[in-house]
Amino acid sequence: MAGRAEKQKQMKIKYPYSELEKTAAWVVIDKIIGDLVENKDIIEQTDRKYIAGYLIRELANANLLNNESLI
């Protein structure tokens, strides 16, 4: 079973969220994460682009984002 470092290394090889980086949702989620880090509400242990991408993908999969958010 691969550890966290190995999983992140594998994820870096195949980055699944690049198309989401250009969306309106990305801008908002990235800012929210930045605010939480700055306020010391959370500690980032994973590259922010993976956190933001995962959150946006899950919100989209739950139909909680409209098409305009993903443009």
# chains A, B, ... in the order shown; residues from 1 in each chain; ligands from 1
>>> residues_around(residues="Asp30 in chain A", least_positions_apart="3", cutoff="9 Å", atoms="only C-alpha atoms", output="VMD selection string")
chain A and resid 25 to 27 33 to 35 48 to 49 51 to 52
>>> write_last_selection(atoms="C-alpha atoms", output="PDB file, in the first residue's frame")
ATOM      1  CA  ALA A  25     -15.028  28.326  -9.257  1.00  0.00           C
ATOM      2  CA  TRP A  26     -11.233  27.903  -9.057  1.00  0.00           C
ATOM      3  CA  VAL A  27     -10.691  31.587  -8.301  1.00  0.00           C
ATOM      4  CA  ILE A  33      -8.350  28.199   0.995  1.00  0.00           C
ATOM      5  CA  GLY A  34      -5.857  31.069   1.113  1.00  0.00           C
ATOM      6  CA  ASP A  35      -8.002  32.942   3.636  1.00  0.00           C
ATOM      7  CA  ARG A  48      -3.270  23.832  -2.974  1.00  0.00           C
ATOM      8  CA  LYS A  49      -4.032  23.018  -6.596  1.00  0.00           C
ATOM      9  CA  ILE A  51      -7.104  20.667  -2.711  1.00  0.00           C
ATOM     10  CA  ALA A  52      -8.925  23.207  -4.889  1.00  0.00           C
TER      11      ALA A  52
END
>>> select_by_dssp(residues="chain A", states="alpha helix (DSSP H)", output="ChimeraX atom specification")
/A:4-13,24-38,48-61
>>> closest_residue(among="A:Ile43, A:Ile71, A:Leu55, A:Ile32", to="Tyr17 in chain A", atoms="only C-alpha atoms")
A:Leu55
>>> residues_around(residues="Ile56 in chain A", least_positions_apart="4", cutoff="12 Å", atoms="only C-alpha atoms", output="VMD selection string")
chain A and resid 16 to 30 49 to 52 60 to 66 69 to 70
>>> atom_distance(atom1="CA of Tyr15 in chain A", atom2="CA of Asp47 in chain A")
11.4 Å
